[in-house]
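Working notes, beginning with the structure itself.
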Amino acid sequence: MKLIRFLPMFDFGNSEDGNGYSPDMDILETDKEFVIEAEIPGASKEDFKLNVEDDVLTLEGEKKKEKQRFIFKESKEGRFKKRFSLPTDVDQDKIRAQFENGVLRITIPKAKVLIPKEINVN
Amino acid sequence: MAIRRWRPFRDIMSVQDEMNRLFDEFFGRTPARGEEYERMWSPHVDVSETEDNIVVTAEVPGMTKDDIKLTVRDNILTVSGEKKHEKEEKDANYHRIERSYGSFCRSFELPATVQFDKVKASYKDGILKISLPKSEEVKPKEIPINIS
């Protein structure tokens with residue numbers, strides 16, 4: 001038997017036309033939003049394309065490296081494509097992304113309905 | 001049943017071993033040969049060479065330059081630091097964690113042909129770049145030869 005990680009909100013597609021490179025990602029959820037953080041060191045924000053179609057968020061990009069004479073090399077680069085199926089109750093028009101210190105952070109706000117409310121009992 | 005010597009502490013010792021193993025696994029330390037423990041995280045490092053420099057680049061995304069420490073002692077270059085989880089996300093619910101966090105420390109032995117006092121480092125877009133200038137003697141020189 002295999003132990004499979006429980007991912008209730010996100011159903012992950014694997015990197016498709018990639019050549020083995022796939023950025024490390026964290027996905028977290030707070031009361032108000034979902035956040036995807038991808039580590040793509042050395043890239044610039046022009047290297048990514050992000051779009052939403054039919055409730056699927058697609059992140060495409062490329063990590064490049066200039067030609068050098070390597071003595072040794074551990075880093076990887078290449079094209080990658082990641083797809084995330086969005087939960088139904090998110091506000092797709094308000095998805096934001098920012099790139100800082102090699103980390104791309106995509107924020108997906110939840111629609112109002114999902115934000116838990118506390119109700120006082122009198 | 002076989003008769004065995006009574007060793008009252010044997011069970012306790014094996015429980016202790018088991019606990020140590022559990023802790024090591026949980027914190028991501030894998031005991032290496034001997035008694036050294038390896039750190040949990042190790043950034044990807046490339047070393048390349050240009051005519052004037054040896055260039056070491058380390059991928060440390062999500063850190064700021066204050067989180068990184070760089071030292072040269074004798075001829076050992078050491079890069080260390082800690083990648084911290086951001087505070088605001090402490091109460092968040094994680095669906096997936098692939099990024100590595102924690103302390104790291106990597107050392108490299110430098111060839112004697114590097115000018116240690118002129119080492120430069122910069123940090124941009126998650127990449128730490130350390131330039132180690134080669135000393136004059138080992139730089140390739142062009143010697144023009146006059147053909148007469």
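Each chain of the structure tokens is named A, B, ... in the order shown, its residues numbered from 1; ligands are numbered from 1 in display order.
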
### Query
Neighbours of Tyr123 in chain B within 8 Å (only C-alpha atoms; same-chain residues fewer than 3 positions away dropped), as JSON, numbers by chain?
{"B": [64, 65, 126, 127, 128, 129]}

Can you write just those residues out, C-alpha atoms, as a PDB file, in the first residue's frame?
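Now in selection38.pdb:
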ATOM      1  CA  THR B  64      17.281  37.965   2.297  1.00  0.00           C
ATOM      2  CA  LYS B  65      20.932  38.848   2.298  1.00  0.00           C
ATOM      3  CA  GLY B 126      17.167  34.101  -4.741  1.00  0.00           C
ATOM      4  CA  ILE B 127      20.664  33.456  -6.012  1.00  0.00           C
ATOM      5  CA  LEU B 128      23.818  34.083  -4.022  1.00  0.00           C
ATOM      6  CA  LYS B 129      26.751  34.685  -6.293  1.00  0.00           C
TER       7      LYS B 129
END

### Close residues, Glu98 in chain B itself excluded, 12 Å, only C-alpha atoms, min 6 positions apart in chain, as a list in words
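Answer for this query is Ser22, Pro23, Asp24, Met25, Asp26, Ile27, Leu28, Ile36, Glu37, Ala38 and Glu39 of chain A; Trp41 of chain B.
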
### Query
Pick the closest to chain B from A:Asp54, A:Asp91, A:Phe70, A:Ala111: which is it, counting only C-alpha atoms?
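Of all the options, A:Phe70 lies closest to chain B.
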
#### Entry: Spatial neighbours of Arg96 in chain A, max dist 12 Å, only C-alpha atoms, sep filter under 3 positions, as a PyMOL selection string
chain A and resi 33-37+50-52+57+91-93+99+104-109

Just to be explicit: take each residue in the selection above, keep all heavy atoms, and write the result as a compact mmCIF listing (two decimals), in the first residue's frame.
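Written out: selection-v7.txt:
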# COMPACT_ATOMS: atom_id res chain seq x y z
N GLU A 33 -7.65 33.13 2.12
CA GLU A 33 -7.09 32.89 0.79
C GLU A 33 -6.29 31.59 0.71
O GLU A 33 -5.94 31.00 1.73
CB GLU A 33 -6.18 34.07 0.39
CG GLU A 33 -5.03 34.25 1.36
CD GLU A 33 -4.40 35.63 1.32
OE1 GLU A 33 -4.97 36.54 0.71
OE2 GLU A 33 -3.31 35.76 1.90
N PHE A 34 -6.04 31.21 -0.53
CA PHE A 34 -5.08 30.16 -0.80
C PHE A 34 -3.81 30.83 -1.31
O PHE A 34 -3.87 31.84 -2.01
CB PHE A 34 -5.59 29.21 -1.89
CG PHE A 34 -6.75 28.38 -1.48
CD1 PHE A 34 -8.04 28.76 -1.77
CD2 PHE A 34 -6.54 27.20 -0.78
CE1 PHE A 34 -9.12 27.99 -1.38
CE2 PHE A 34 -7.61 26.41 -0.40
CZ PHE A 34 -8.90 26.81 -0.70
N VAL A 35 -2.67 30.26 -0.96
CA VAL A 35 -1.42 30.83 -1.44
C VAL A 35 -0.56 29.71 -2.03
O VAL A 35 -0.41 28.65 -1.42
CB VAL A 35 -0.65 31.54 -0.30
CG1 VAL A 35 0.66 32.12 -0.81
CG2 VAL A 35 -1.49 32.63 0.34
N ILE A 36 -0.04 29.97 -3.21
CA ILE A 36 0.91 29.03 -3.81
C ILE A 36 2.25 29.74 -3.84
O ILE A 36 2.34 30.87 -4.33
CB ILE A 36 0.49 28.66 -5.26
CG1 ILE A 36 -0.89 28.02 -5.27
CG2 ILE A 36 1.52 27.73 -5.89
CD1 ILE A 36 -1.45 27.82 -6.67
N GLU A 37 3.27 29.13 -3.31
CA GLU A 37 4.60 29.72 -3.35
C GLU A 37 5.52 28.77 -4.10
O GLU A 37 5.68 27.62 -3.73
CB GLU A 37 5.15 29.92 -1.93
CG GLU A 37 4.43 31.00 -1.16
CD GLU A 37 4.95 31.12 0.26
OE1 GLU A 37 5.47 30.14 0.81
OE2 GLU A 37 4.83 32.22 0.83
N LEU A 50 0.78 33.19 -16.40
CA LEU A 50 -0.21 32.66 -15.46
C LEU A 50 -1.57 32.91 -16.07
O LEU A 50 -1.87 34.03 -16.47
CB LEU A 50 -0.06 33.45 -14.16
CG LEU A 50 -0.54 32.86 -12.86
CD1 LEU A 50 0.21 31.59 -12.55
CD2 LEU A 50 -0.30 33.86 -11.74
N ASN A 51 -2.39 31.90 -16.18
CA ASN A 51 -3.74 32.18 -16.65
C ASN A 51 -4.76 31.21 -16.07
O ASN A 51 -4.41 30.14 -15.58
CB ASN A 51 -3.81 32.22 -18.18
CG ASN A 51 -3.67 30.86 -18.78
OD1 ASN A 51 -2.72 30.16 -18.51
ND2 ASN A 51 -4.64 30.46 -19.58
N VAL A 52 -6.01 31.65 -16.09
CA VAL A 52 -7.10 30.84 -15.54
C VAL A 52 -8.09 30.56 -16.65
O VAL A 52 -8.51 31.46 -17.37
CB VAL A 52 -7.83 31.58 -14.39
CG1 VAL A 52 -8.94 30.71 -13.84
CG2 VAL A 52 -6.87 31.94 -13.29
N LEU A 57 -6.01 26.87 -13.04
CA LEU A 57 -4.96 27.88 -13.04
C LEU A 57 -3.70 27.23 -13.60
O LEU A 57 -3.27 26.18 -13.14
CB LEU A 57 -4.72 28.34 -11.60
CG LEU A 57 -3.55 29.29 -11.35
CD1 LEU A 57 -3.90 30.69 -11.80
CD2 LEU A 57 -3.20 29.30 -9.88
N ASP A 91 -12.37 33.66 -5.62
CA ASP A 91 -12.63 34.82 -6.43
C ASP A 91 -11.58 34.89 -7.54
O ASP A 91 -10.49 35.41 -7.35
CB ASP A 91 -12.56 36.06 -5.53
CG ASP A 91 -13.27 37.23 -6.17
OD1 ASP A 91 -13.41 37.21 -7.41
OD2 ASP A 91 -13.66 38.14 -5.43
N GLN A 92 -11.92 34.33 -8.68
CA GLN A 92 -10.91 34.18 -9.74
C GLN A 92 -10.42 35.51 -10.29
O GLN A 92 -9.32 35.59 -10.83
CB GLN A 92 -11.50 33.34 -10.88
CG GLN A 92 -11.79 31.92 -10.46
CD GLN A 92 -12.12 31.03 -11.63
OE1 GLN A 92 -12.17 31.47 -12.77
NE2 GLN A 92 -12.34 29.76 -11.36
N ASP A 93 -11.25 36.55 -10.17
CA ASP A 93 -10.83 37.85 -10.71
C ASP A 93 -9.79 38.53 -9.85
O ASP A 93 -9.19 39.52 -10.26
CB ASP A 93 -12.05 38.77 -10.84
CG ASP A 93 -13.07 38.17 -11.79
OD1 ASP A 93 -12.65 37.47 -12.73
OD2 ASP A 93 -14.28 38.38 -11.57
N PHE A 99 6.64 38.38 -7.49
CA PHE A 99 7.89 37.63 -7.51
C PHE A 99 8.93 38.39 -6.71
O PHE A 99 9.22 39.55 -6.98
CB PHE A 99 8.35 37.47 -8.97
CG PHE A 99 9.55 36.59 -9.11
CD1 PHE A 99 9.46 35.24 -8.81
CD2 PHE A 99 10.76 37.09 -9.55
CE1 PHE A 99 10.57 34.41 -8.93
CE2 PHE A 99 11.87 36.28 -9.66
CZ PHE A 99 11.77 34.93 -9.36
N LEU A 104 7.96 32.97 -6.33
CA LEU A 104 6.72 33.46 -6.94
C LEU A 104 5.58 33.12 -6.00
O LEU A 104 5.41 31.97 -5.61
CB LEU A 104 6.49 32.80 -8.30
CG LEU A 104 5.21 33.21 -9.02
CD1 LEU A 104 5.32 34.63 -9.54
CD2 LEU A 104 4.92 32.26 -10.18
N ARG A 105 4.82 34.14 -5.64
CA ARG A 105 3.75 33.95 -4.68
C ARG A 105 2.42 34.28 -5.34
O ARG A 105 2.19 35.42 -5.74
CB ARG A 105 4.01 34.85 -3.48
CG ARG A 105 3.11 34.65 -2.30
CD ARG A 105 3.43 35.70 -1.26
NE ARG A 105 2.34 35.82 -0.33
CZ ARG A 105 2.29 35.20 0.85
NH1 ARG A 105 3.29 34.48 1.25
NH2 ARG A 105 1.25 35.33 1.62
N ILE A 106 1.58 33.29 -5.46
CA ILE A 106 0.28 33.49 -6.09
C ILE A 106 -0.78 33.45 -4.99
O ILE A 106 -0.85 32.48 -4.24
CB ILE A 106 -0.01 32.37 -7.12
CG1 ILE A 106 1.14 32.28 -8.14
CG2 ILE A 106 -1.33 32.62 -7.83
CD1 ILE A 106 1.11 31.01 -8.95
N THR A 107 -1.55 34.52 -4.92
CA THR A 107 -2.58 34.59 -3.89
C THR A 107 -3.96 34.46 -4.52
O THR A 107 -4.28 35.19 -5.45
CB THR A 107 -2.48 35.94 -3.14
OG1 THR A 107 -1.12 36.17 -2.82
CG2 THR A 107 -3.28 35.93 -1.88
N ILE A 108 -4.73 33.53 -4.02
CA ILE A 108 -6.06 33.27 -4.57
C ILE A 108 -7.08 33.52 -3.45
O ILE A 108 -7.24 32.70 -2.56
CB ILE A 108 -6.17 31.81 -5.06
CG1 ILE A 108 -5.01 31.50 -6.03
CG2 ILE A 108 -7.51 31.54 -5.70
CD1 ILE A 108 -4.72 30.03 -6.17
N PRO A 109 -7.75 34.68 -3.49
CA PRO A 109 -8.68 34.98 -2.39
C PRO A 109 -9.92 34.09 -2.46
O PRO A 109 -10.40 33.76 -3.54
CB PRO A 109 -9.06 36.44 -2.63
CG PRO A 109 -8.30 36.91 -3.82
CD PRO A 109 -7.71 35.74 -4.50

Using only C-alpha atoms, find each residue in chain A having at least one atom no more than 9 Å away from chain B; report its shortest atom-to-atom pair and that distance in Å (one decimal), rows by chain then rising number, as a tab-separated table.
residue	atom	partner	partner_atom	distance
A:Arg5	CA	B:Arg96	CA	8.3
A:Phe6	CA	B:His95	CA	7.7
A:Leu7	CA	B:His95	CA	5.9
A:Pro8	CA	B:His95	CA	8.0
A:Met9	CA	B:His95	CA	8.0
A:Phe10	CA	B:His95	CA	8.0
A:Pro23	CA	B:Glu98	CA	8.8
A:Asp24	CA	B:Glu98	CA	5.1
A:Met25	CA	B:Glu98	CA	5.1
A:Asp26	CA	B:Ile97	CA	4.4
A:Ile27	CA	B:Arg96	CA	5.0
A:Leu28	CA	B:Tyr94	CA	4.2
A:Glu29	CA	B:Asn93	CA	5.0
A:Thr30	CA	B:Ala92	CA	4.8
A:Asp31	CA	B:Ala92	CA	7.9
A:Glu37	CA	B:Arg99	CA	8.7
A:Ala38	CA	B:Arg99	CA	8.0
A:Glu39	CA	B:Pro61	CA	6.1
A:Ile40	CA	B:Pro61	CA	7.2
A:Pro41	CA	B:Gly126	CA	4.7
A:Gly42	CA	B:Asp125	CA	5.2
A:Ala43	CA	B:Asp125	CA	6.9
A:Ser44	CA	B:Asp125	CA	7.5
A:Gln68	CA	B:Ser48	CA	6.4
A:Arg69	CA	B:Ser48	CA	5.3
A:Phe70	CA	B:Ser48	CA	4.0
A:Ile71	CA	B:Ser48	CA	5.1
A:Phe72	CA	B:Val47	CA	5.3
A:Lys73	CA	B:Asp46	CA	4.3
A:Glu74	CA	B:His44	CA	5.2
A:Ser75	CA	B:His44	CA	5.3
A:Lys76	CA	B:His44	CA	8.6
A:Phe99	CA	B:Asp125	CA	8.5
A:Glu100	CA	B:Asp125	CA	6.6
A:Asn101	CA	B:Asp125	CA	4.1
A:Gly102	CA	B:Gly126	CA	4.1
A:Val103	CA	B:Gly62	CA	5.7

### Message
Can you measure CA of Phe48 in chain A to CA of Gly78 in chain A for me? One decimal in Å is fine.
### Response
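CA of Gly78 in chain A lies 12.3 Å from CA of Phe48 in chain A.
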
### Task
Mind the document's chain letters and residue numbers, and return as a PyMOL selection string the residues of chain A that DSSP labels strand (DSSP E).
chain A and resi 24-29+33-39+48-53+56-63+69-73+78-85+96-100+103-109

### Query
If you measure from CA of Ser107 in chain B to CA of Leu22 in chain B, what distance in Å do you get, rounded to one decimal?
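These two atoms are separated by 28.4 Å.
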
### Query
Quick one: distance from CA of Lys83 in chain B to CA of Asp67 in chain B in Å, one decimal?
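Between these atoms lies a distance of 7.2 Å.
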
### Task
From a DSSP pass on the backbone, collect the residues of range 17-123 of chain B flagged as helix (DSSP H, G or I) and hand them back as number ranges by chain.
B: 17-26, 65-67, 87-89, 116-118

Could you name the residues that touch Asp47 in chain A at 10 Å or less, counting only C-alpha atoms, but leaving out those on the same chain fewer than 6 positions away, as a compact mmCIF listing (two decimals) with all heavy atoms, in the first residue's frame?
# COMPACT_ATOMS: atom_id res chain seq x y z
N ILE A 40 11.64 29.72 -7.70
CA ILE A 40 12.26 29.71 -9.02
C ILE A 40 13.43 30.69 -9.01
O ILE A 40 13.35 31.79 -9.54
CB ILE A 40 11.22 30.06 -10.12
CG1 ILE A 40 9.94 29.24 -9.89
CG2 ILE A 40 11.78 29.79 -11.51
CD1 ILE A 40 8.73 29.80 -10.53
N GLU A 60 3.03 28.65 -16.22
CA GLU A 60 4.01 28.17 -17.18
C GLU A 60 5.23 29.04 -17.07
O GLU A 60 5.12 30.24 -16.81
CB GLU A 60 3.43 28.34 -18.59
CG GLU A 60 3.11 27.07 -19.30
CD GLU A 60 2.58 27.38 -20.68
OE1 GLU A 60 1.48 27.95 -20.79
OE2 GLU A 60 3.28 27.07 -21.64
N GLY A 61 6.37 28.50 -17.29
CA GLY A 61 7.54 29.34 -17.23
C GLY A 61 8.79 28.60 -17.60
O GLY A 61 8.77 27.42 -17.94
N GLU A 62 9.86 29.34 -17.49
CA GLU A 62 11.14 28.75 -17.82
C GLU A 62 12.20 29.31 -16.89
O GLU A 62 12.24 30.50 -16.63
CB GLU A 62 11.51 29.04 -19.28
CG GLU A 62 12.75 28.28 -19.69
CD GLU A 62 13.06 28.42 -21.18
OE1 GLU A 62 12.39 29.22 -21.85
OE2 GLU A 62 13.98 27.73 -21.63
N LYS A 63 13.04 28.41 -16.40
CA LYS A 63 14.19 28.85 -15.63
C LYS A 63 15.39 28.66 -16.53
O LYS A 63 15.66 27.57 -17.01
CB LYS A 63 14.31 27.98 -14.38
CG LYS A 63 15.36 28.45 -13.42
CD LYS A 63 15.34 27.59 -12.18
CE LYS A 63 16.68 27.64 -11.49
NZ LYS A 63 17.05 26.37 -10.90
N LYS A 64 16.07 29.77 -16.76
CA LYS A 64 17.18 29.72 -17.71
C LYS A 64 18.50 29.93 -17.00
O LYS A 64 18.56 30.47 -15.91
CB LYS A 64 17.00 30.81 -18.77
CG LYS A 64 15.89 30.54 -19.74
CD LYS A 64 15.71 31.69 -20.69
CE LYS A 64 14.65 32.65 -20.16
NZ LYS A 64 14.29 33.71 -21.09
N ARG A 79 11.96 24.21 -18.85
CA ARG A 79 10.57 24.69 -18.90
C ARG A 79 9.72 23.88 -17.93
O ARG A 79 10.00 22.72 -17.66
CB ARG A 79 10.01 24.51 -20.31
CG ARG A 79 10.68 25.35 -21.36
CD ARG A 79 9.80 25.44 -22.60
NE ARG A 79 8.52 26.07 -22.28
CZ ARG A 79 8.37 27.38 -22.13
NH1 ARG A 79 9.40 28.18 -22.30
NH2 ARG A 79 7.19 27.88 -21.82

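Minimum atom-to-atom distance to Lys110 in chain A, evaluated using only C-alpha atoms, belongs to A:Lys32 out of A:Lys67, A:Lys45, A:Tyr21, A:Lys32.
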